[in-house]
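Have a look at model.txt; it's compact mmCIF, C-alpha atoms and all ligand atoms:
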```txt
# COMPACT_ATOMS: atom_id res chain seq x y z
CA MET U 1 51.52 -86.69 -29.52
CA THR U 2 55.26 -87.32 -29.24
CA ALA U 3 57.74 -84.81 -30.60
CA VAL U 4 60.35 -86.48 -32.77
CA ILE U 5 62.19 -83.19 -33.23
CA GLU U 6 62.06 -80.38 -30.68
CA ILE U 7 64.13 -77.23 -31.21
CA ARG U 8 64.09 -74.27 -28.81
CA GLY U 9 65.94 -70.96 -29.15
CA LEU U 10 68.51 -72.19 -31.67
CA ARG U 11 71.21 -69.63 -32.46
CA LYS U 12 74.05 -69.75 -34.94
CA THR U 13 76.27 -66.97 -36.22
CA PHE U 14 78.84 -67.77 -38.89
CA ARG U 15 82.09 -65.84 -38.60
CA ARG U 16 83.18 -63.93 -41.64
CA LEU U 17 86.80 -63.77 -42.74
CA ARG U 18 86.70 -60.00 -42.90
CA GLY U 19 85.25 -59.70 -39.39
CA GLY U 20 81.70 -59.56 -38.10
CA GLY U 21 79.31 -62.43 -38.46
CA LYS U 22 76.28 -63.65 -40.35
CA VAL U 23 73.37 -64.53 -38.09
CA ALA U 24 71.90 -67.67 -39.66
CA LEU U 25 69.65 -68.71 -36.74
CA ASP U 26 68.27 -66.13 -34.36
CA GLY U 27 66.43 -68.05 -31.63
CA PHE U 28 64.68 -70.55 -33.91
CA ASP U 29 62.00 -72.94 -32.59
CA MET U 30 60.46 -75.99 -34.30
CA THR U 31 58.45 -79.03 -33.22
CA VAL U 32 57.86 -82.05 -35.46
CA GLU U 33 55.40 -84.63 -34.14
CA ALA U 34 55.70 -88.37 -34.73
CA GLY U 35 54.21 -89.83 -37.90
CA GLN U 36 53.72 -86.48 -39.62
CA VAL U 37 55.02 -85.09 -42.86
CA HIS U 38 56.28 -81.68 -41.75
CA GLY U 39 57.15 -79.00 -44.31
CA PHE U 40 60.06 -76.68 -43.57
CA LEU U 41 59.85 -73.53 -45.66
CA GLY U 42 61.76 -70.32 -45.92
CA PRO U 43 63.33 -67.99 -48.48
CA ASN U 44 66.89 -68.52 -49.73
CA GLY U 45 69.36 -67.93 -46.93
CA SER U 46 66.73 -68.01 -44.16
CA GLY U 47 68.44 -70.79 -42.16
CA LYS U 48 66.83 -74.09 -43.27
CA THR U 49 70.01 -75.95 -44.19
CA THR U 50 71.81 -74.59 -41.14
CA THR U 51 68.97 -75.95 -38.97
CA LEU U 52 69.08 -79.36 -40.66
CA ARG U 53 72.88 -79.54 -40.46
CA THR U 54 72.72 -78.60 -36.78
CA LEU U 55 70.12 -81.32 -36.17
CA LEU U 56 72.43 -83.88 -37.77
CA GLY U 57 75.42 -82.77 -35.70
CA LEU U 58 77.23 -81.27 -38.72
CA VAL U 59 77.15 -77.71 -37.38
CA ARG U 60 77.61 -76.68 -33.75
CA ALA U 61 74.96 -74.22 -32.53
CA ASP U 62 75.96 -71.22 -30.39
CA ALA U 63 72.92 -71.63 -28.14
CA GLY U 64 69.57 -73.37 -27.88
CA GLU U 65 68.18 -76.82 -27.15
CA MET U 66 67.39 -79.67 -29.49
CA THR U 67 66.13 -83.20 -29.12
CA VAL U 68 65.95 -85.77 -31.91
CA LEU U 69 63.93 -88.96 -31.29
CA GLY U 70 63.81 -88.00 -27.62
CA ARG U 71 67.58 -87.62 -27.18
CA PRO U 72 69.44 -84.32 -26.68
CA SER U 73 71.53 -83.21 -29.64
CA GLY U 74 74.77 -84.17 -27.85
CA ASP U 75 73.60 -87.82 -28.02
CA TYR U 76 72.86 -87.71 -31.76
CA ALA U 77 75.32 -90.56 -32.46
CA GLN U 78 73.04 -92.85 -30.46
CA VAL U 79 70.02 -92.19 -32.68
CA ALA U 80 71.83 -91.65 -36.00
CA HIS U 81 71.02 -95.21 -37.16
CA ARG U 82 67.28 -94.37 -36.85
CA VAL U 83 67.55 -91.24 -39.05
CA GLY U 84 67.80 -91.07 -42.86
CA ALA U 85 68.79 -87.69 -44.29
CA ILE U 86 69.67 -85.91 -47.49
CA VAL U 87 70.93 -82.43 -46.77
CA GLU U 88 72.37 -80.75 -49.85
CA SER U 89 73.13 -82.97 -52.84
CA PRO U 90 75.12 -85.98 -51.66
CA ALA U 91 78.25 -86.81 -53.66
CA PHE U 92 78.35 -90.30 -55.17
CA PHE U 93 81.25 -92.05 -56.92
CA GLU U 94 80.43 -91.32 -60.53
CA ASN U 95 81.94 -94.56 -61.84
CA PHE U 96 79.87 -96.79 -59.57
CA THR U 97 76.49 -98.10 -60.60
CA ALA U 98 73.43 -97.22 -58.53
CA ARG U 99 73.27 -100.78 -57.20
CA LYS U 100 76.95 -100.83 -56.22
CA THR U 101 76.62 -97.42 -54.55
CA LEU U 102 73.73 -98.62 -52.41
CA ALA U 103 75.32 -102.03 -51.75
CA LEU U 104 78.43 -100.32 -50.33
CA LEU U 105 76.33 -98.02 -48.17
CA ALA U 106 74.28 -101.02 -47.00
CA THR U 107 77.42 -102.96 -46.02
CA ALA U 108 78.86 -99.93 -44.22
CA GLY U 109 75.59 -99.39 -42.35
CA GLY U 110 74.99 -103.05 -41.47
CA VAL U 111 71.87 -103.19 -43.68
CA ALA U 112 70.83 -106.56 -45.20
CA ALA U 113 71.60 -106.83 -48.94
CA PRO U 114 67.99 -107.44 -50.17
CA ARG U 115 67.06 -103.98 -48.90
CA VAL U 116 69.05 -102.50 -51.83
CA ASP U 117 66.58 -103.90 -54.38
CA GLU U 118 63.63 -102.79 -52.24
CA VAL U 119 64.76 -99.16 -52.17
CA LEU U 120 65.73 -99.16 -55.87
CA GLU U 121 62.20 -100.31 -56.69
CA ARG U 122 60.69 -97.72 -54.36
CA VAL U 123 62.45 -94.75 -55.98
CA GLY U 124 61.85 -96.01 -59.54
CA LEU U 125 65.47 -96.89 -60.39
CA ARG U 126 65.08 -100.68 -60.65
CA ASP U 127 65.63 -100.77 -64.41
CA ARG U 128 68.62 -98.38 -64.32
CA ALA U 129 70.28 -99.90 -61.27
CA ASP U 130 73.25 -101.31 -63.18
CA GLU U 131 74.16 -98.08 -64.96
CA ARG U 132 76.89 -95.76 -63.74
CA VAL U 133 75.93 -92.74 -61.69
CA LYS U 134 77.80 -90.45 -64.12
CA THR U 135 75.22 -91.27 -66.79
CA PHE U 136 72.33 -90.28 -64.48
CA SER U 137 70.28 -87.14 -64.90
CA LEU U 138 69.85 -84.72 -61.98
CA GLY U 139 66.48 -86.25 -61.12
CA MET U 140 67.90 -89.79 -61.24
CA LYS U 141 70.72 -88.76 -58.87
CA GLN U 142 68.09 -87.27 -56.58
CA ARG U 143 66.17 -90.57 -56.61
CA LEU U 144 69.40 -92.38 -55.75
CA ALA U 145 69.96 -89.99 -52.85
CA VAL U 146 66.47 -90.72 -51.52
CA ALA U 147 67.14 -94.45 -51.91
CA SER U 148 70.32 -94.08 -49.84
CA ALA U 149 68.37 -92.27 -47.10
CA LEU U 150 65.77 -95.06 -47.06
CA LEU U 151 68.29 -97.92 -46.78
CA LYS U 152 68.22 -98.03 -42.99
CA ALA U 153 64.37 -98.04 -42.94
CA PRO U 154 64.61 -94.87 -40.82
CA GLU U 155 62.04 -93.75 -38.24
CA LEU U 156 62.86 -90.14 -39.11
CA LEU U 157 63.55 -89.03 -42.67
CA ILE U 158 65.00 -85.55 -43.29
CA LEU U 159 64.94 -84.39 -46.90
CA ASP U 160 66.30 -81.06 -48.12
CA GLU U 161 64.67 -80.25 -51.47
CA PRO U 162 63.84 -83.86 -52.46
CA ALA U 163 61.95 -82.76 -55.57
CA ASN U 164 65.00 -80.94 -56.95
CA GLY U 165 65.40 -82.00 -60.59
CA LEU U 166 62.45 -84.38 -60.60
CA ASP U 167 60.10 -84.37 -63.57
CA PRO U 168 56.35 -83.91 -62.93
CA GLY U 169 55.83 -87.68 -62.74
CA GLY U 170 58.76 -87.95 -60.33
CA ILE U 171 57.36 -85.16 -58.14
CA HIS U 172 54.04 -86.99 -58.01
CA GLU U 173 55.81 -90.23 -57.06
CA MET U 174 57.83 -88.42 -54.38
CA ARG U 175 54.56 -87.10 -52.93
CA THR U 176 53.10 -90.63 -52.86
CA LEU U 177 56.31 -92.01 -51.34
CA LEU U 178 56.28 -89.45 -48.51
CA ARG U 179 52.60 -90.10 -47.74
CA ASP U 180 53.16 -93.88 -47.82
CA LEU U 181 56.13 -93.56 -45.45
CA ALA U 182 54.05 -91.46 -43.05
CA ALA U 183 51.28 -94.10 -43.20
CA GLU U 184 53.92 -96.66 -42.19
CA GLY U 185 54.75 -94.51 -39.15
CA VAL U 186 57.86 -92.73 -40.47
CA THR U 187 58.19 -89.06 -39.50
CA VAL U 188 59.27 -86.92 -42.44
CA LEU U 189 60.80 -83.44 -42.30
CA VAL U 190 60.94 -82.01 -45.79
CA SER U 191 62.26 -78.66 -46.92
CA SER U 192 61.14 -77.43 -50.32
CA HIS U 193 60.49 -74.31 -52.33
CA ILE U 194 57.67 -76.04 -54.25
CA LEU U 195 54.88 -74.71 -52.08
CA SER U 196 52.04 -76.39 -53.94
CA GLU U 197 53.71 -79.73 -53.19
CA ILE U 198 54.17 -78.89 -49.52
CA GLU U 199 50.52 -77.84 -49.35
CA GLN U 200 49.45 -81.20 -50.79
CA VAL U 201 51.80 -83.53 -48.97
CA CYS U 202 52.38 -82.03 -45.52
CA ASP U 203 50.29 -82.34 -42.36
CA THR U 204 52.11 -79.53 -40.58
CA VAL U 205 54.48 -76.76 -41.55
CA THR U 206 57.07 -74.36 -40.12
CA ILE U 207 58.04 -71.20 -42.00
CA ILE U 208 61.38 -69.60 -41.15
CA SER U 209 62.50 -66.12 -42.12
CA ARG U 210 65.86 -64.56 -41.19
CA GLY U 211 66.58 -67.36 -38.74
CA ARG U 212 63.30 -67.13 -36.85
CA ARG U 213 60.05 -69.06 -36.94
CA VAL U 214 57.31 -66.87 -38.40
CA VAL U 215 54.51 -69.43 -38.38
CA ALA U 216 53.96 -73.09 -37.50
CA GLY U 217 51.04 -75.48 -37.27
CA PRO U 218 48.76 -77.76 -39.27
CA VAL U 219 48.70 -76.64 -42.92
CA GLY U 220 44.89 -76.22 -42.85
CA ASP U 221 45.07 -74.00 -39.74
CA VAL U 222 47.85 -71.83 -41.18
CA LEU U 223 45.82 -71.32 -44.37
CA ALA U 224 42.59 -70.65 -42.45
CA GLU U 225 44.31 -68.08 -40.18
CA HIS U 226 45.53 -66.18 -43.21
CA SER U 227 42.34 -66.40 -45.21
CA LYS U 228 41.27 -62.90 -46.28
CA GLY U 229 37.54 -63.67 -46.04
CA GLU U 230 37.10 -63.64 -49.83
CA TYR U 231 34.24 -65.35 -51.67
CA LEU U 232 33.63 -66.13 -55.31
CA VAL U 233 30.08 -65.18 -56.30
CA ARG U 234 28.30 -66.21 -59.48
CA VAL U 235 24.92 -64.73 -60.42
CA LYS U 236 23.12 -64.08 -63.70
CA GLN U 237 22.73 -60.30 -63.00
CA LEU U 238 26.41 -59.48 -62.36
CA ASP U 239 26.10 -55.66 -62.40
CA ARG U 240 23.03 -55.63 -60.18
CA ALA U 241 24.71 -58.03 -57.70
CA ARG U 242 27.76 -55.80 -57.54
CA GLU U 243 25.59 -52.75 -56.82
CA VAL U 244 23.72 -54.59 -54.05
CA LEU U 245 26.87 -55.98 -52.39
CA GLU U 246 28.69 -52.64 -52.54
CA GLY U 247 25.55 -51.05 -51.09
CA ALA U 248 25.86 -53.54 -48.20
CA GLY U 249 29.38 -52.21 -47.52
CA LEU U 250 31.33 -55.09 -49.06
CA THR U 251 34.38 -54.75 -51.31
CA VAL U 252 33.64 -56.23 -54.71
CA SER U 253 35.69 -56.81 -57.86
CA ALA U 254 34.47 -58.36 -61.09
CA THR U 255 36.63 -60.96 -62.84
CA ASP U 256 35.90 -63.30 -65.72
CA GLY U 257 32.13 -63.56 -65.38
CA HIS U 258 32.06 -63.71 -61.58
CA LEU U 259 32.52 -61.44 -58.57
CA VAL U 260 35.12 -61.63 -55.83
CA VAL U 261 33.79 -60.24 -52.56
CA ALA U 262 36.34 -59.39 -49.86
CA GLY U 263 36.21 -58.68 -46.15
CA VAL U 264 33.31 -61.07 -45.52
CA ALA U 265 32.93 -62.36 -41.94
CA ASP U 266 30.11 -64.78 -42.79
CA ALA U 267 28.85 -66.05 -46.19
CA ALA U 268 25.29 -65.29 -45.03
CA GLU U 269 26.08 -61.56 -45.44
CA ILE U 270 26.27 -62.16 -49.20
CA SER U 271 23.30 -64.49 -49.61
CA GLU U 272 21.03 -62.33 -47.41
CA ALA U 273 21.93 -59.06 -49.15
CA LEU U 274 21.36 -60.59 -52.59
CA GLY U 275 18.22 -62.44 -51.51
CA ARG U 276 16.65 -59.22 -50.21
CA ALA U 277 17.24 -57.66 -53.65
CA GLU U 278 15.88 -60.81 -55.36
CA VAL U 279 19.22 -61.55 -57.03
CA TRP U 280 19.73 -65.32 -56.92
CA LEU U 281 23.08 -66.95 -56.41
CA THR U 282 24.27 -69.71 -58.73
CA GLU U 283 27.55 -70.18 -56.80
CA LEU U 284 29.03 -68.97 -53.50
CA THR U 285 32.48 -70.40 -52.75
CA PRO U 286 35.05 -69.34 -50.13
CA ILE U 287 38.44 -68.49 -51.66
CA GLY U 288 41.03 -70.03 -49.37
CA ALA U 289 44.52 -68.63 -48.92
CA ASP U 290 47.19 -70.75 -50.55
CA LEU U 291 50.55 -71.51 -49.01
CA GLU U 292 52.37 -69.42 -51.60
CA SER U 293 50.52 -66.21 -50.68
CA VAL U 294 50.91 -66.92 -46.95
CA PHE U 295 54.64 -67.53 -47.49
CA LEU U 296 55.13 -64.38 -49.57
CA ASP U 297 53.28 -62.25 -47.01
CA LEU U 298 54.94 -63.66 -43.87
CA THR U 299 58.45 -63.58 -45.28
CA ALA U 300 57.89 -60.29 -47.16
CA THR U 301 59.36 -61.81 -50.29
CA ARG U 302 56.50 -60.95 -52.64
CA PRO U 303 58.19 -59.61 -55.80
CA LEU U 304 58.06 -55.85 -56.16
CA PRO U 305 57.32 -54.48 -59.61
CA GLY U 306 60.43 -52.89 -61.14
CA ALA U 307 62.83 -54.02 -58.37
CA TYR U 308 65.24 -56.91 -57.97
CA ARG U 309 64.76 -58.18 -54.44
CA GLN U 310 68.04 -59.11 -52.73
CA VAL U 311 68.30 -62.40 -50.84
CA ASP U 312 68.68 -60.81 -47.42
CA ASP U 313 65.71 -58.45 -47.87
CA ALA U 314 62.99 -59.94 -45.69
CA VAL U 315 60.98 -59.32 -42.59
CA ARG U 316 61.48 -59.89 -38.96
CA VAL U 317 58.17 -60.65 -37.33
CA GLN U 318 57.69 -59.24 -33.84
CA SER U 319 54.45 -60.41 -32.26
CA SER U 320 51.81 -59.45 -34.81
CA GLU U 321 53.83 -56.62 -36.35
CA MET U 322 56.22 -56.92 -39.23
CA GLU U 323 59.29 -54.79 -39.37
CA VAL U 324 60.82 -54.66 -42.81
CA VAL U 325 64.57 -54.89 -42.63
CA ALA U 326 66.67 -54.64 -45.75
N1 LIG O 401 79.45 -72.06 -43.65
C1 LIG O 401 78.92 -70.84 -43.69
N2 LIG O 401 79.70 -69.74 -43.55
C2 LIG O 401 79.16 -68.52 -43.59
N3 LIG O 401 77.86 -68.26 -43.76
C3 LIG O 401 77.04 -69.31 -43.91
C4 LIG O 401 77.52 -70.66 -43.88
N4 LIG O 401 76.45 -71.50 -44.05
C5 LIG O 401 75.37 -70.71 -44.19
N5 LIG O 401 75.71 -69.40 -44.09
C6 LIG O 401 74.80 -68.24 -44.16
O1 LIG O 401 73.74 -68.47 -43.26
C7 LIG O 401 72.51 -68.04 -43.82
C8 LIG O 401 71.51 -69.22 -43.83
O2 LIG O 401 71.96 -70.15 -44.81
P1 LIG O 401 71.22 -71.53 -45.07
O3 LIG O 401 72.07 -72.34 -46.00
O4 LIG O 401 70.86 -72.13 -43.77
O5 LIG O 401 69.89 -71.03 -45.82
P2 LIG O 401 68.71 -71.85 -46.50
O6 LIG O 401 67.45 -71.40 -45.84
O7 LIG O 401 69.01 -73.30 -46.47
O8 LIG O 401 68.75 -71.28 -47.98
P3 LIG O 401 68.38 -71.96 -49.42
O9 LIG O 401 66.90 -71.94 -49.53
O10 LIG O 401 69.02 -70.99 -50.37
O11 LIG O 401 69.01 -73.32 -49.45
C9 LIG O 401 72.82 -67.49 -45.20
O12 LIG O 401 72.95 -66.09 -45.13
C10 LIG O 401 74.15 -68.12 -45.54
O13 LIG O 401 74.93 -67.29 -46.38
```
Mind turning this structure into structure tokens?
Ligand SMILES: Nc1ncnc2c1ncn2[C@@H]1O[C@H](COP(=O)(O)OP(=O)(O)OP(=O)(O)O)[C@@H](O)[C@H]1O
Amino acid sequence: MTAVIEIRGLRKTFRRLRGGGKVALDGFDMTVEAGQVHGFLGPNGSGKTTTLRTLLGLVRADAGEMTVLGRPSGDYAQVAHRVGAIVESPAFFENFTARKTLALLATAGGVAAPRVDEVLERVGLRDRADERVKTFSLGMKQRLAVASALLKAPELLILDEPANGLDPGGIHEMRTLLRDLAAEGVTVLVSSHILSEIEQVCDTVTIISRGRRVVAGPVGDVLAEHSKGEYLVRVKQLDRAREVLEGAGLTVSATDGHLVVAGVADAAEISEALGRAEVWLTELTPIGADLESVFLDLTATRPLPGAYRQVDDAVRVQSSEMEVVA
């Protein structure tokens, strides 16, 4: 596979007016392969936007190496026409219509005029194209931003929170759009806090916490690695099944007419133990980890009862250990 984005050891500290600095990126690494939809996740203030701005040449890194579409970051101007990006909400002239906004951007970027109607159709703004941007809702402005990023028919699309403000139908359409673009060979890097969306739409994922990569890989592998070996068990004799499974050394909890059995290395442990006691299974299903629980665990941002977590409270992962730093 070819890496479209390769980042190694990226460091950035922002100076503070009153002295000292804020470490935004602390040796961050990321690889995005061609043709994939890659999710970029991290808590507020973990360094996502700084990474994306550095990739696009808007922020100068203190150290590290980056290539975009095979070119080192210093040559970004030479690949900029092959990259479409929305990083933070773009500002549009409020008095212009959507069509005029895109037509101006198309002219400035040397894009053929018919492309404007194609992208308006693609983001669902065809019927509102001649209305002024100031009358647009947040979600409609977001659609316009995506349309502007698509104008150049980019090979690499970078989207920071594209679902921001979209209604459920719009989120669904955004998901379809990203998958369709990937099927056409476009590489998509998407940052989002809507983890269920990322889980559905992305092939691969990188999670950042306090400026460092805490996990990366195919979404399925990341979920499998963090699976807790839990199974949902349904049987007619619930109490008897619980007794048998606990007797076999398994951890069992009863919920809503079924059992959840934890710490299971192999499903056969459950079926054999129950079978020996002549308790017959009606359902045995592995309970997979979801991206939200993996994210909350790896970034140590799971809400604590009775406490208001502060944005910079998180973890720094060192090999397999987690050191909590407040
Ligand atoms: N221009 C700046 N000057 C000073 N500090 C900055 C600047 N830009 C970002 N930071 C700090 O760097 C850290 C990383 O910020 P960044 O915007 O990259 O986070 P993020 O992961 O995109 O967060 P969010 O999910 O809230 O958008 C934060 O602590 C932020 O306050």
Excluding same-chain residues fewer than 4 positions from range 25-28 of chain U, what lies within 9 Å of it counting all atoms listed in the file, as a list in words?
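In the requested form, the answer reads Ile7, Arg8, Gly9, Leu10, Arg11, Lys12, Thr13, Ser46, Gly47, Lys48, Thr50, Thr51, Ala61, Ala63, Gly64, Ile208, Arg210, Gly211, Arg212 and Arg213 of chain U.
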List every residue of chain U that has an atom at most 10 Å from any atom of ligand LIG 401 (chain O), and for each one report the closest atom pair and its distance in Å to one decimal, counting all atoms listed in the file, with rows sorted by chain and then by increasing residue number, as a tab-separated table.
```
residue	atom	partner	partner_atom	distance
U:Lys12	CA	O:LIG401	O1	8.4
U:Thr13	CA	O:LIG401	O1	7.6
U:Phe14	CA	O:LIG401	C2	4.8
U:Arg15	CA	O:LIG401	C2	6.4
U:Arg16	CA	O:LIG401	C2	6.4
U:Leu17	CA	O:LIG401	C2	9.0
U:Gly21	CA	O:LIG401	C2	8.0
U:Lys22	CA	O:LIG401	N3	5.9
U:Val23	CA	O:LIG401	O1	6.5
U:Ala24	CA	O:LIG401	O1	4.1
U:Leu25	CA	O:LIG401	C8	7.3
U:Phe40	CA	O:LIG401	O6	9.4
U:Leu41	CA	O:LIG401	O6	7.9
U:Gly42	CA	O:LIG401	O6	5.8
U:Pro43	CA	O:LIG401	O9	5.4
U:Asn44	CA	O:LIG401	O10	3.3
U:Gly45	CA	O:LIG401	O5	3.3
U:Ser46	CA	O:LIG401	O6	3.9
U:Gly47	CA	O:LIG401	O4	3.2
U:Lys48	CA	O:LIG401	O6	3.8
U:Thr49	CA	O:LIG401	O7	3.6
U:Thr50	CA	O:LIG401	O4	3.7
U:Thr51	CA	O:LIG401	O4	6.4
U:Leu52	CA	O:LIG401	O4	8.1
U:Arg53	CA	O:LIG401	O4	8.4
U:Thr54	CA	O:LIG401	O4	9.7
U:Val59	CA	O:LIG401	N1	8.7
U:Val87	CA	O:LIG401	O7	9.3
U:Glu88	CA	O:LIG401	O11	8.2
U:Asp160	CA	O:LIG401	O11	8.3
U:Glu161	CA	O:LIG401	O11	8.4
U:Ser191	CA	O:LIG401	O9	8.6
U:Ser192	CA	O:LIG401	O9	8.0
U:His193	CA	O:LIG401	O9	7.4
U:Ile208	CA	O:LIG401	O6	7.9
U:Ser209	CA	O:LIG401	O6	8.1
U:Arg210	CA	O:LIG401	C8	7.8
U:Gly211	CA	O:LIG401	C8	7.3
U:Val311	CA	O:LIG401	O12	8.2
U:Asp312	CA	O:LIG401	O12	7.2
```
When you look at Ala103 in chain U with a cut-off of 10 Å (counting all atoms listed in the file), what residues show up, excluding the ones that are within fewer than 5 positions of it in the same chain? I need them as a ChimeraX atom specification.
/U:97-98,108-109,111-117,148,151
The residue from U:Ala268, U:Val123, U:Ala300, U:Ala153 with the smallest atom-to-atom distance to Val214 in chain U, counting all atoms listed in the file, is U:Ala300
Spatial neighbours of Leu69 in chain U, max dist 12 Å, all atoms listed in the file, sep filter under 4 positions, as a PDB file with C-alpha atoms, in the coordinates of the input:
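Output (around_32.pdb):
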```pdb
ATOM      1  CA  THR U   2      55.260 -87.320 -29.240  1.00  0.00           C
ATOM      2  CA  ALA U   3      57.740 -84.810 -30.600  1.00  0.00           C
ATOM      3  CA  VAL U   4      60.350 -86.480 -32.770  1.00  0.00           C
ATOM      4  CA  ILE U   5      62.190 -83.190 -33.230  1.00  0.00           C
ATOM      5  CA  GLU U   6      62.060 -80.380 -30.680  1.00  0.00           C
ATOM      6  CA  ILE U   7      64.130 -77.230 -31.210  1.00  0.00           C
ATOM      7  CA  THR U  31      58.450 -79.030 -33.220  1.00  0.00           C
ATOM      8  CA  VAL U  32      57.860 -82.050 -35.460  1.00  0.00           C
ATOM      9  CA  GLU U  33      55.400 -84.630 -34.140  1.00  0.00           C
ATOM     10  CA  ALA U  34      55.700 -88.370 -34.730  1.00  0.00           C
ATOM     11  CA  GLY U  35      54.210 -89.830 -37.900  1.00  0.00           C
ATOM     12  CA  LEU U  55      70.120 -81.320 -36.170  1.00  0.00           C
ATOM     13  CA  LEU U  56      72.430 -83.880 -37.770  1.00  0.00           C
ATOM     14  CA  SER U  73      71.530 -83.210 -29.640  1.00  0.00           C
ATOM     15  CA  ASP U  75      73.600 -87.820 -28.020  1.00  0.00           C
ATOM     16  CA  TYR U  76      72.860 -87.710 -31.760  1.00  0.00           C
ATOM     17  CA  ALA U  77      75.320 -90.560 -32.460  1.00  0.00           C
ATOM     18  CA  GLN U  78      73.040 -92.850 -30.460  1.00  0.00           C
ATOM     19  CA  VAL U  79      70.020 -92.190 -32.680  1.00  0.00           C
ATOM     20  CA  ALA U  80      71.830 -91.650 -36.000  1.00  0.00           C
ATOM     21  CA  HIS U  81      71.020 -95.210 -37.160  1.00  0.00           C
ATOM     22  CA  ARG U  82      67.280 -94.370 -36.850  1.00  0.00           C
ATOM     23  CA  VAL U  83      67.550 -91.240 -39.050  1.00  0.00           C
ATOM     24  CA  PRO U 154      64.610 -94.870 -40.820  1.00  0.00           C
ATOM     25  CA  GLU U 155      62.040 -93.750 -38.240  1.00  0.00           C
ATOM     26  CA  LEU U 156      62.860 -90.140 -39.110  1.00  0.00           C
ATOM     27  CA  LEU U 157      63.550 -89.030 -42.670  1.00  0.00           C
ATOM     28  CA  VAL U 186      57.860 -92.730 -40.470  1.00  0.00           C
ATOM     29  CA  THR U 187      58.190 -89.060 -39.500  1.00  0.00           C
TER      30      THR U 187
END
```
Calculate how many Å separate CA of Glu94 in chain U from CA of Met140 in chain U, rounding to one decimal.
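We find that CA of Glu94 in chain U and CA of Met140 in chain U lie 12.6 Å from each other.
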